[in-house]
Amino acid sequence: MTGPDPSTLLADLAAGSAPFALIARDGESVEVLTGDVVDVELLADIPLIDASGAPREVLALVPYRQVRERGFVCHDDGAPLRCLVIDERVALPRAEAMAALPSSPVPLVDAGFDIADEDYADIVRRVIADEIGRGEGANFVIRRDFVAGVDLDPRVAALTWFRALLEHEKGAYWTFAVVTDGHIAVGASPEAHVSAKDGIVTMNPISGTFRHPAGGATAETLAEFLRSTKETEELFMVVDEELKMMSAVCSDGGRITGPHLKEMSRLTHTEYMLRGRSDLDPRDILRETMFAPTVTGSPMQNACTVIARHETTPRGYYSGVAALFTPNGNAEGPTHDLDAPILIRTAYLVDGRLRVPVGATLVRHSDPYGEVGETHGKAAGVLGAIGAIPRDVPAAPADADPDAPAAARRPLAEDPAIAELLASRNERLAPFWMNPQDPDGSGPFAGRTALVVDAEDRFTTMLAHQLRHLGLDTRIVHWSEASDADVDGADLVVSGPGPGDPRDDSARMSAMRHVVSRRLTNDAPLLAVCLSHQILADRLGLDLAPLAQPHQGLQKSVDVFGEPASIGFYNTFTARATDAAAPGVDIAADAETGDVYALRGPGFASVQGHLESILSRDGMRTLERLIAHAL
């Protein structure tokens, strides 16, 4: 039996009015999905089961505004959580689909960025000074949009752009076109945000952007990029942030593999893969992982607040996901598998206006004009692929045979020098997160209970996973819900990290001070981490001060009570050793600056660094030592 004629099928889609989606994700075929559109309010409302109780396949466009489900702020544009409930699926051979798709260029008018380069550079400066500089987080992604008018039938434009991306943009995780009434999305996303199949959850943090020079990337130019401290630390920070999410949804916390290169037509990225086991409903997995730090920042809740302060317009679907829920036939456990790429490198067409949102990850090392250039490079990756701007094609030698097939270029990752540079990054990382983990409750503190108080940084999920690995029966409670009974009832309280100035009188800071003070007053075992370490230091009479340069995503080797430890730091403020500290308190501090790295006294211990971070090579050993002292 032969399949449908690609020319007829695609021509009918172009001429019709029914919604459809085209997806290329295996290199061999183009999936054509048709059905009915249903808009829902919440992820839990995605209609995975029909009226008869049978599972059905659904493709959902999840807008950025869904972060409201987690209590985070955003500019709410009302973009719908749009579901294509799939009635029919057809697979077309990729070559035949390309031959049948339209290929004439789509002209653009009045094209340009909505925010001028100098204005965007000013935003970068303000975020570094006012947000990272005040301890609001480690990194933030601020977007700008390339906009233009399109005078062409939108369905034809969508099919044309989809074909162009198939032909010219290599390395995409998904190449797709989703066409629904009044809204079109066409893209080539390099990044799988989250997938779930056979009980295995996978996340794929990608960060670090190398813009290919004229004539293409070489091992030499790429090596210079891979040696960049800024690019390396940017990737480590987003891996930490996604491990927070993995630790929330996976029983085994998540394991890191990589790093790898994601080589695309105009850009090359660095990436890791994170994997763990989970039996959650895929909609719950999606909710707990909204959204990728590579397109928002960290910590996630504060990143949303910073985005709302510095972006003046709603994001629409940018940084959301396209989530394909496919029935898997399981009689037990989740009934659907999940495959959800991030909605980046995507062109949106609504009411004749094209919009290509792009963002840069801003960190303490960021150069404002470098970040401007990164947004240009990311926009060009989409616009060049769809033919909206000239494609960079290196000139052929004069004696070249124009009919000769192009020689396949060896992937740069196979170059021995590049492979060595990539592998060397793991020398800095914690073995705990590189190796399989499956806490079984038999650790050195088995039989004890721990309460982790979350001060709005989900590093607490990674901490909780490590505590369970050490044998502690652990639960997490948000600072706003931590009752005195909760605080009094655990064998160990871990007062957690969070953003902001520890000297503030906000409700969150007051609540964390109460937790620390109550445990000290009751002589009850306490471990204070990062922000809470600063609060404890203040309670003990030490000074608090901002650092001259934020330590966001910084790895340092420090002495922790006679034992050297390589630890990751994410702090903008520090406690400083003084003669006024309470008697009986041991202080581990920098000999030159007085910056306090750890404290311990009767029934308590604290640490400024994040022992749970992938940057803390000696994190588990140090955590066990401090807990043993506190208990």
# chains A, B, ... in the order shown; residues from 1 in each chain; ligands from 1
>>> residues_around(residues="Val37 in chain A", least_positions_apart="3", cutoff="12 Å", atoms="only C-alpha atoms", output="VMD selection string")
chain A and resid 18 to 21 33 to 34 40 46 to 47 58 to 61 80 to 87 178 to 183
>>> residues_around(residues="Asp284 in chain A", least_positions_apart="6", cutoff="10 Å", atoms="only C-alpha atoms", output="PyMOL selection string")
chain A and resi 43-44+249
>>> write_last_selection(atoms="all heavy atoms", output="compact mmCIF listing (two decimals), in the first residue's frame")
# COMPACT_ATOMS: atom_id res chain seq x y z
N LEU A 43 -1.86 23.22 32.46
CA LEU A 43 -1.22 22.02 31.92
C LEU A 43 -2.02 20.77 32.27
O LEU A 43 -2.10 19.84 31.46
CB LEU A 43 0.21 21.92 32.47
CG LEU A 43 1.21 22.95 31.93
CD1 LEU A 43 2.50 22.90 32.74
CD2 LEU A 43 1.50 22.71 30.46
N ALA A 44 -2.60 20.74 33.44
CA ALA A 44 -3.40 19.58 33.84
C ALA A 44 -4.61 19.38 32.95
O ALA A 44 -5.18 18.29 32.90
CB ALA A 44 -3.83 19.71 35.29
N VAL A 249 11.86 16.05 40.04
CA VAL A 249 10.96 15.11 39.35
C VAL A 249 11.52 13.70 39.28
O VAL A 249 10.78 12.76 38.95
CB VAL A 249 10.63 15.59 37.92
CG1 VAL A 249 9.95 16.95 37.96
CG2 VAL A 249 11.86 15.63 37.02
>>> select_by_dssp(residues="range 324-499 of chain A", states="strand (DSSP E)", output="PyMOL selection string")
chain A and resi 324-327+336-341+346-350+353-362+449-454+473-478+492-495
>>> residues_around(residues="range 313-329 of chain A", least_positions_apart="6", cutoff="6 Å", atoms="only C-alpha atoms", output="PyMOL selection string")
chain A and resi 55+57-64+75+77+79+295+335-343
>>> write_last_selection(atoms="N, CA and C atoms", output="compact mmCIF listing (two decimals), in the first residue's frame")
# COMPACT_ATOMS: atom_id res chain seq x y z
N PRO A 55 -6.52 6.88 25.50
CA PRO A 55 -5.49 7.91 25.36
C PRO A 55 -5.42 8.44 23.94
N GLU A 57 -3.20 11.35 21.20
CA GLU A 57 -1.98 12.12 21.00
C GLU A 57 -2.32 13.60 20.91
N VAL A 58 -1.48 14.42 21.55
CA VAL A 58 -1.72 15.86 21.60
C VAL A 58 -0.40 16.59 21.42
N LEU A 59 -0.41 17.61 20.55
CA LEU A 59 0.71 18.53 20.43
C LEU A 59 0.28 19.85 21.06
N ALA A 60 0.99 20.28 22.11
CA ALA A 60 0.62 21.50 22.84
C ALA A 60 1.69 22.56 22.66
N LEU A 61 1.25 23.77 22.31
CA LEU A 61 2.12 24.95 22.35
C LEU A 61 1.93 25.61 23.71
N VAL A 62 2.97 25.57 24.53
CA VAL A 62 2.89 26.05 25.90
C VAL A 62 3.51 27.44 25.97
N PRO A 63 2.73 28.50 26.24
CA PRO A 63 3.28 29.85 26.27
C PRO A 63 4.05 30.13 27.56
N TYR A 64 4.86 31.17 27.50
CA TYR A 64 5.64 31.56 28.68
C TYR A 64 4.74 31.91 29.86
N HIS A 75 4.53 39.29 32.25
CA HIS A 75 3.60 40.13 31.49
C HIS A 75 2.61 39.17 30.82
N ASP A 77 -0.02 38.12 28.40
CA ASP A 77 -0.63 38.52 27.13
C ASP A 77 -1.82 37.65 26.76
N ALA A 79 -1.79 34.60 25.87
CA ALA A 79 -1.49 33.60 24.84
C ALA A 79 -2.03 32.24 25.29
N VAL A 295 16.80 30.00 28.82
CA VAL A 295 16.01 31.06 28.19
C VAL A 295 15.30 31.94 29.22
N THR A 335 0.68 7.12 30.97
CA THR A 335 0.08 6.58 29.73
C THR A 335 0.68 7.21 28.48
N HIS A 336 1.47 8.29 28.64
CA HIS A 336 2.01 9.01 27.49
C HIS A 336 3.52 9.25 27.67
N ASP A 337 4.22 9.22 26.54
CA ASP A 337 5.58 9.72 26.49
C ASP A 337 5.53 11.21 26.17
N LEU A 338 6.60 11.91 26.47
CA LEU A 338 6.67 13.35 26.28
C LEU A 338 7.92 13.69 25.49
N ASP A 339 7.79 14.57 24.53
CA ASP A 339 8.93 15.11 23.78
C ASP A 339 8.68 16.60 23.63
N ALA A 340 9.53 17.43 24.26
CA ALA A 340 9.21 18.87 24.36
C ALA A 340 10.45 19.71 24.11
N PRO A 341 10.64 20.18 22.87
CA PRO A 341 11.72 21.14 22.60
C PRO A 341 11.34 22.54 23.07
N ILE A 342 12.37 23.35 23.32
CA ILE A 342 12.15 24.75 23.71
C ILE A 342 11.77 25.55 22.47
N LEU A 343 10.86 26.49 22.65
CA LEU A 343 10.46 27.36 21.54
C LEU A 343 11.44 28.52 21.44
>>> residues_around(residues="Ser251 in chain A", least_positions_apart="2", cutoff="9 Å", atoms="only C-alpha atoms", output="ChimeraX atom specification")
/A:246-249,253-254,276-279,438-439,465
>>> closest_residue(among="A:Thr160, A:Thr257, A:Gln301, A:Asn330", to="Leu10 in chain A", atoms="only C-alpha atoms")
A:Thr160
>>> residues_around(residues="Met509 in chain A", least_positions_apart="2", cutoff="10 Å", atoms="only C-alpha atoms", output="number ranges by chain")
A: 455, 479, 498-507, 511-515, 531-532, 535
>>> write_last_selection(atoms="all heavy atoms", output="CSV table (one decimal), in the first residue's frame")
chain,number,residue,atom,x,y,z
A,455,ALA,N,14.2,29.1,50.5
A,455,ALA,CA,14.1,30.5,50.5
A,455,ALA,C,14.0,31.1,49.0
A,455,ALA,O,14.6,32.1,48.7
A,455,ALA,CB,15.3,31.1,51.2
A,479,TRP,N,9.5,28.7,52.5
A,479,TRP,CA,9.6,29.6,53.7
A,479,TRP,C,8.3,30.1,54.2
A,479,TRP,O,8.1,30.3,55.4
A,479,TRP,CB,10.6,30.8,53.4
A,479,TRP,CG,10.0,31.7,52.4
A,479,TRP,CD1,10.3,31.7,51.0
A,479,TRP,CD2,9.2,32.9,52.6
A,479,TRP,NE1,9.6,32.7,50.4
A,479,TRP,CE2,8.9,33.5,51.3
A,479,TRP,CE3,8.6,33.4,53.7
A,479,TRP,CZ2,8.1,34.6,51.2
A,479,TRP,CZ3,7.8,34.6,53.6
A,479,TRP,CH2,7.6,35.1,52.3
A,498,GLY,N,18.9,31.4,48.9
A,498,GLY,CA,17.9,32.2,48.2
A,498,GLY,C,18.5,33.5,47.7
A,498,GLY,O,19.6,33.9,48.1
A,499,PRO,N,17.9,34.2,46.8
A,499,PRO,CA,18.4,35.5,46.2
A,499,PRO,C,18.2,36.6,47.2
A,499,PRO,O,17.4,36.5,48.2
A,499,PRO,CB,17.5,35.6,45.0
A,499,PRO,CG,16.2,35.0,45.3
A,499,PRO,CD,16.6,33.8,46.2
A,500,GLY,N,18.8,37.7,46.9
A,500,GLY,CA,18.6,39.0,47.6
A,500,GLY,C,19.6,39.4,48.6
A,500,GLY,O,20.6,38.7,48.9
A,501,ASP,N,19.3,40.5,49.2
A,501,ASP,CA,20.2,41.1,50.2
A,501,ASP,C,19.8,40.6,51.6
A,501,ASP,O,18.7,40.9,52.1
A,501,ASP,CB,20.1,42.7,50.2
A,501,ASP,CG,21.1,43.4,51.0
A,501,ASP,OD1,21.5,42.8,52.0
A,501,ASP,OD2,21.3,44.6,50.7
A,502,PRO,N,20.7,40.0,52.4
A,502,PRO,CA,20.3,39.4,53.7
A,502,PRO,C,20.0,40.5,54.7
A,502,PRO,O,19.4,40.2,55.8
A,502,PRO,CB,21.6,38.6,54.1
A,502,PRO,CG,22.7,39.3,53.3
A,502,PRO,CD,22.1,39.7,52.0
A,503,ARG,N,20.3,41.7,54.4
A,503,ARG,CA,20.0,42.8,55.4
A,503,ARG,C,18.6,43.4,55.2
A,503,ARG,O,18.2,44.2,56.0
A,503,ARG,CB,21.1,43.9,55.2
A,503,ARG,CG,22.5,43.4,55.3
A,503,ARG,CD,23.6,44.4,54.8
A,503,ARG,NE,23.4,44.7,53.4
A,503,ARG,CZ,24.2,45.5,52.6
A,503,ARG,NH1,25.2,46.1,53.2
A,503,ARG,NH2,23.9,45.7,51.4
A,504,ASP,N,17.9,42.9,54.2
A,504,ASP,CA,16.6,43.5,53.9
A,504,ASP,C,15.6,43.1,55.0
A,504,ASP,O,15.8,42.1,55.7
A,504,ASP,CB,16.0,43.0,52.6
A,504,ASP,CG,16.7,43.6,51.4
A,504,ASP,OD1,17.5,44.6,51.6
A,504,ASP,OD2,16.5,43.2,50.3
A,505,ASP,N,14.5,43.8,55.1
A,505,ASP,CA,13.5,43.5,56.1
A,505,ASP,C,12.2,42.9,55.4
A,505,ASP,O,11.1,43.0,55.9
A,505,ASP,CB,13.1,44.7,56.9
A,505,ASP,CG,14.2,45.2,57.8
A,505,ASP,OD1,14.9,44.3,58.4
A,505,ASP,OD2,14.3,46.4,58.0
A,506,SER,N,12.4,42.2,54.3
A,506,SER,CA,11.3,41.6,53.6
A,506,SER,C,10.7,40.5,54.4
A,506,SER,O,11.3,40.0,55.3
A,506,SER,CB,11.7,41.1,52.2
A,506,SER,OG,12.7,40.0,52.4
A,507,ALA,N,9.5,40.1,54.0
A,507,ALA,CA,8.9,38.9,54.7
A,507,ALA,C,9.7,37.7,54.6
A,507,ALA,O,9.8,36.9,55.6
A,507,ALA,CB,7.5,38.7,54.1
A,511,ALA,N,11.3,35.7,57.7
A,511,ALA,CA,11.0,34.3,58.0
A,511,ALA,C,12.2,33.4,58.1
A,511,ALA,O,12.3,32.6,59.0
A,511,ALA,CB,10.1,33.8,56.9
A,512,MET,N,13.2,33.7,57.3
A,512,MET,CA,14.5,32.9,57.4
A,512,MET,C,15.2,33.2,58.7
A,512,MET,O,15.8,32.3,59.3
A,512,MET,CB,15.3,33.1,56.1
A,512,MET,CG,14.7,32.7,54.8
A,512,MET,SD,14.0,31.0,54.8
A,512,MET,CE,15.6,30.1,54.8
A,513,ARG,N,15.2,34.5,59.1
A,513,ARG,CA,15.8,34.8,60.4
A,513,ARG,C,15.1,34.1,61.5
A,513,ARG,O,15.8,33.6,62.5
A,513,ARG,CB,15.8,36.3,60.6
A,513,ARG,CG,16.7,37.1,59.7
A,513,ARG,CD,16.7,38.6,60.1
A,513,ARG,NE,17.3,39.4,59.1
A,513,ARG,CZ,16.6,40.2,58.2
A,513,ARG,NH1,15.3,40.3,58.3
A,513,ARG,NH2,17.3,40.9,57.3
A,514,HIS,N,13.8,34.0,61.4
A,514,HIS,CA,13.1,33.3,62.5
A,514,HIS,C,13.5,31.8,62.5
A,514,HIS,O,13.6,31.3,63.7
A,514,HIS,CB,11.6,33.4,62.2
A,514,HIS,CG,10.7,32.7,63.2
A,514,HIS,ND1,10.5,33.1,64.5
A,514,HIS,CD2,10.0,31.5,63.1
A,514,HIS,CE1,9.7,32.3,65.2
A,514,HIS,NE2,9.4,31.3,64.3
A,515,VAL,N,13.6,31.2,61.4
A,515,VAL,CA,14.0,29.8,61.4
A,515,VAL,C,15.4,29.6,62.0
A,515,VAL,O,15.6,28.7,62.9
A,515,VAL,CB,14.0,29.2,59.9
A,515,VAL,CG1,14.7,27.9,59.9
A,515,VAL,CG2,12.6,29.2,59.3
A,531,LEU,N,22.5,32.1,51.6
A,531,LEU,CA,21.8,33.2,52.2
A,531,LEU,C,21.6,33.0,53.7
A,531,LEU,O,21.8,33.9,54.6
A,531,LEU,CB,20.4,33.4,51.6
A,531,LEU,CG,19.5,34.4,52.2
A,531,LEU,CD1,20.0,35.8,52.0
A,531,LEU,CD2,18.0,34.2,51.6
A,532,SER,N,21.2,31.8,54.1
A,532,SER,CA,21.0,31.5,55.5
A,532,SER,C,22.3,31.5,56.3
A,532,SER,O,22.3,31.8,57.5
A,532,SER,CB,20.3,30.2,55.7
A,532,SER,OG,19.0,30.2,55.1
A,535,ILE,N,22.7,35.0,57.2
A,535,ILE,CA,21.7,35.4,58.3
A,535,ILE,C,22.2,34.9,59.6
A,535,ILE,O,22.2,35.6,60.6
A,535,ILE,CB,20.3,34.8,57.9
A,535,ILE,CG1,19.7,35.6,56.8
A,535,ILE,CG2,19.4,34.8,59.2
A,535,ILE,CD1,18.4,35.0,56.2
>>> atom_distance(atom1="CA of Gly447 in chain A", atom2="CA of Arg625 in chain A")
17.5 Å
>>> residues_around(residues="Asn302 in chain A", least_positions_apart="5", cutoff="10 Å", atoms="only C-alpha atoms", output="list in words")
Phe72, Val73, Glu131, Glu136, Gly137, Phe140, Thr296, Gly297, Ile307, Ala308, Glu456, Asp457, Gly498, Pro499 and Gly500 of chain A
>>> write_last_selection(atoms="N, CA and C atoms", output="JSON list (two decimals), in the first residue's frame")
[["chain", "number", "residue", "atom", "x", "y", "z"],
["A", 72, "PHE", "N", 4.83, 32.33, 39.57],
["A", 72, "PHE", "CA", 5.82, 33.30, 39.13],
["A", 72, "PHE", "C", 5.14, 34.42, 38.36],
["A", 73, "VAL", "N", 5.80, 35.57, 38.29],
["A", 73, "VAL", "CA", 5.20, 36.73, 37.63],
["A", 73, "VAL", "C", 5.59, 36.77, 36.16],
["A", 131, "GLU", "N", 20.80, 43.80, 39.11],
["A", 131, "GLU", "CA", 20.22, 42.49, 39.45],
["A", 131, "GLU", "C", 21.30, 41.53, 39.93],
["A", 136, "GLU", "N", 20.41, 39.21, 43.06],
["A", 136, "GLU", "CA", 19.10, 38.70, 42.65],
["A", 136, "GLU", "C", 19.20, 37.39, 41.88],
["A", 137, "GLY", "N", 20.39, 37.01, 41.44],
["A", 137, "GLY", "CA", 20.55, 35.75, 40.73],
["A", 137, "GLY", "C", 21.89, 35.67, 40.04],
["A", 140, "PHE", "N", 20.62, 35.90, 33.81],
["A", 140, "PHE", "CA", 19.27, 36.23, 33.35],
["A", 140, "PHE", "C", 19.28, 36.35, 31.83],
["A", 296, "THR", "N", 15.60, 31.72, 30.50],
["A", 296, "THR", "CA", 15.02, 32.55, 31.56],
["A", 296, "THR", "C", 16.09, 33.08, 32.50],
["A", 297, "GLY", "N", 16.85, 32.18, 33.13],
["A", 297, "GLY", "CA", 17.87, 32.57, 34.09],
["A", 297, "GLY", "C", 17.74, 31.76, 35.36],
["A", 307, "ILE", "N", 12.89, 39.40, 34.47],
["A", 307, "ILE", "CA", 12.39, 39.52, 33.09],
["A", 307, "ILE", "C", 11.25, 40.52, 33.03],
["A", 308, "ALA", "N", 10.33, 40.44, 33.99],
["A", 308, "ALA", "CA", 9.20, 41.36, 34.00],
["A", 308, "ALA", "C", 9.65, 42.81, 34.21],
["A", 456, "GLU", "N", 13.37, 30.29, 48.17],
["A", 456, "GLU", "CA", 13.13, 30.65, 46.77],
["A", 456, "GLU", "C", 14.36, 30.46, 45.89],
["A", 457, "ASP", "N", 15.07, 29.37, 46.16],
["A", 457, "ASP", "CA", 16.10, 28.89, 45.25],
["A", 457, "ASP", "C", 16.04, 27.37, 45.27],
["A", 498, "GLY", "N", 18.91, 31.42, 48.86],
["A", 498, "GLY", "CA", 17.91, 32.21, 48.15],
["A", 498, "GLY", "C", 18.54, 33.50, 47.66],
["A", 499, "PRO", "N", 17.86, 34.20, 46.78],
["A", 499, "PRO", "CA", 18.39, 35.46, 46.23],
["A", 499, "PRO", "C", 18.19, 36.62, 47.20],
["A", 500, "GLY", "N", 18.85, 37.74, 46.89],
["A", 500, "GLY", "CA", 18.57, 38.98, 47.61],
["A", 500, "GLY", "C", 19.61, 39.37, 48.65]]
>>> decode(residues="range 598-617 of chain A", atoms="N, CA, C and O atoms", output="short mmCIF file (atom, residue, chain, number, x, y, z; two decimals), in the first residue's frame")
data_model
loop_
_atom_site.label_atom_id
_atom_site.label_comp_id
_atom_site.auth_asym_id
_atom_site.auth_seq_id
_atom_site.Cartn_x
_atom_site.Cartn_y
_atom_site.Cartn_z
N ALA A 598 32.68 29.35 56.16
CA ALA A 598 31.92 28.39 56.96
C ALA A 598 31.99 28.78 58.43
O ALA A 598 32.94 29.45 58.88
N LEU A 599 30.97 28.35 59.15
CA LEU A 599 30.90 28.58 60.60
C LEU A 599 30.48 27.28 61.27
O LEU A 599 29.78 26.45 60.67
N ARG A 600 30.89 27.11 62.51
CA ARG A 600 30.37 26.00 63.31
C ARG A 600 30.45 26.35 64.79
O ARG A 600 31.32 27.12 65.22
N GLY A 601 29.50 25.82 65.50
CA GLY A 601 29.43 26.04 66.94
C GLY A 601 28.57 24.94 67.54
O GLY A 601 28.23 23.95 66.87
N PRO A 602 28.16 25.11 68.79
CA PRO A 602 27.38 24.05 69.44
C PRO A 602 26.06 23.79 68.72
O PRO A 602 25.16 24.64 68.71
N GLY A 603 25.94 22.66 68.05
CA GLY A 603 24.69 22.27 67.41
C GLY A 603 24.41 22.94 66.08
O GLY A 603 23.30 22.80 65.55
N PHE A 604 25.35 23.68 65.50
CA PHE A 604 25.07 24.31 64.21
C PHE A 604 26.34 24.35 63.36
O PHE A 604 27.47 24.29 63.85
N ALA A 605 26.11 24.47 62.06
CA ALA A 605 27.18 24.66 61.09
C ALA A 605 26.59 25.42 59.92
O ALA A 605 25.37 25.43 59.70
N SER A 606 27.46 26.07 59.16
CA SER A 606 26.97 26.80 57.99
C SER A 606 28.05 26.84 56.92
O SER A 606 29.24 26.64 57.21
N VAL A 607 27.63 27.12 55.70
CA VAL A 607 28.57 27.21 54.58
C VAL A 607 28.06 28.26 53.61
O VAL A 607 26.86 28.34 53.33
N GLN A 608 28.99 29.10 53.11
CA GLN A 608 28.61 30.11 52.13
C GLN A 608 28.40 29.51 50.75
O GLN A 608 27.52 29.92 50.00
N GLY A 609 29.20 28.52 50.39
CA GLY A 609 29.09 27.90 49.07
C GLY A 609 27.92 26.95 48.97
O GLY A 609 27.24 26.66 49.95
N HIS A 610 27.71 26.47 47.75
CA HIS A 610 26.64 25.52 47.46
C HIS A 610 27.26 24.13 47.32
O HIS A 610 27.75 23.77 46.25
N LEU A 611 27.20 23.35 48.37
CA LEU A 611 27.80 22.02 48.35
C LEU A 611 27.07 21.09 47.39
O LEU A 611 27.62 20.08 46.97
N GLU A 612 25.85 21.46 47.03
CA GLU A 612 25.06 20.65 46.10
C GLU A 612 25.37 20.97 44.65
O GLU A 612 24.95 20.23 43.74
N SER A 613 26.08 22.04 44.38
CA SER A 613 26.37 22.47 43.01
C SER A 613 27.28 21.48 42.30
O SER A 613 28.13 20.82 42.93
N ILE A 614 27.14 21.40 40.96
CA ILE A 614 28.08 20.58 40.19
C ILE A 614 29.50 21.13 40.29
O ILE A 614 30.46 20.41 40.01
N LEU A 615 29.65 22.40 40.71
CA LEU A 615 30.97 23.00 40.86
C LEU A 615 31.65 22.59 42.16
O LEU A 615 32.82 22.90 42.36
N SER A 616 30.94 21.90 43.04
CA SER A 616 31.50 21.51 44.35
C SER A 616 32.04 20.09 44.27
O SER A 616 31.35 19.11 44.60
N ARG A 617 33.28 19.99 43.84
CA ARG A 617 33.90 18.66 43.71
C ARG A 617 33.95 17.96 45.07
O ARG A 617 33.84 16.73 45.14
#
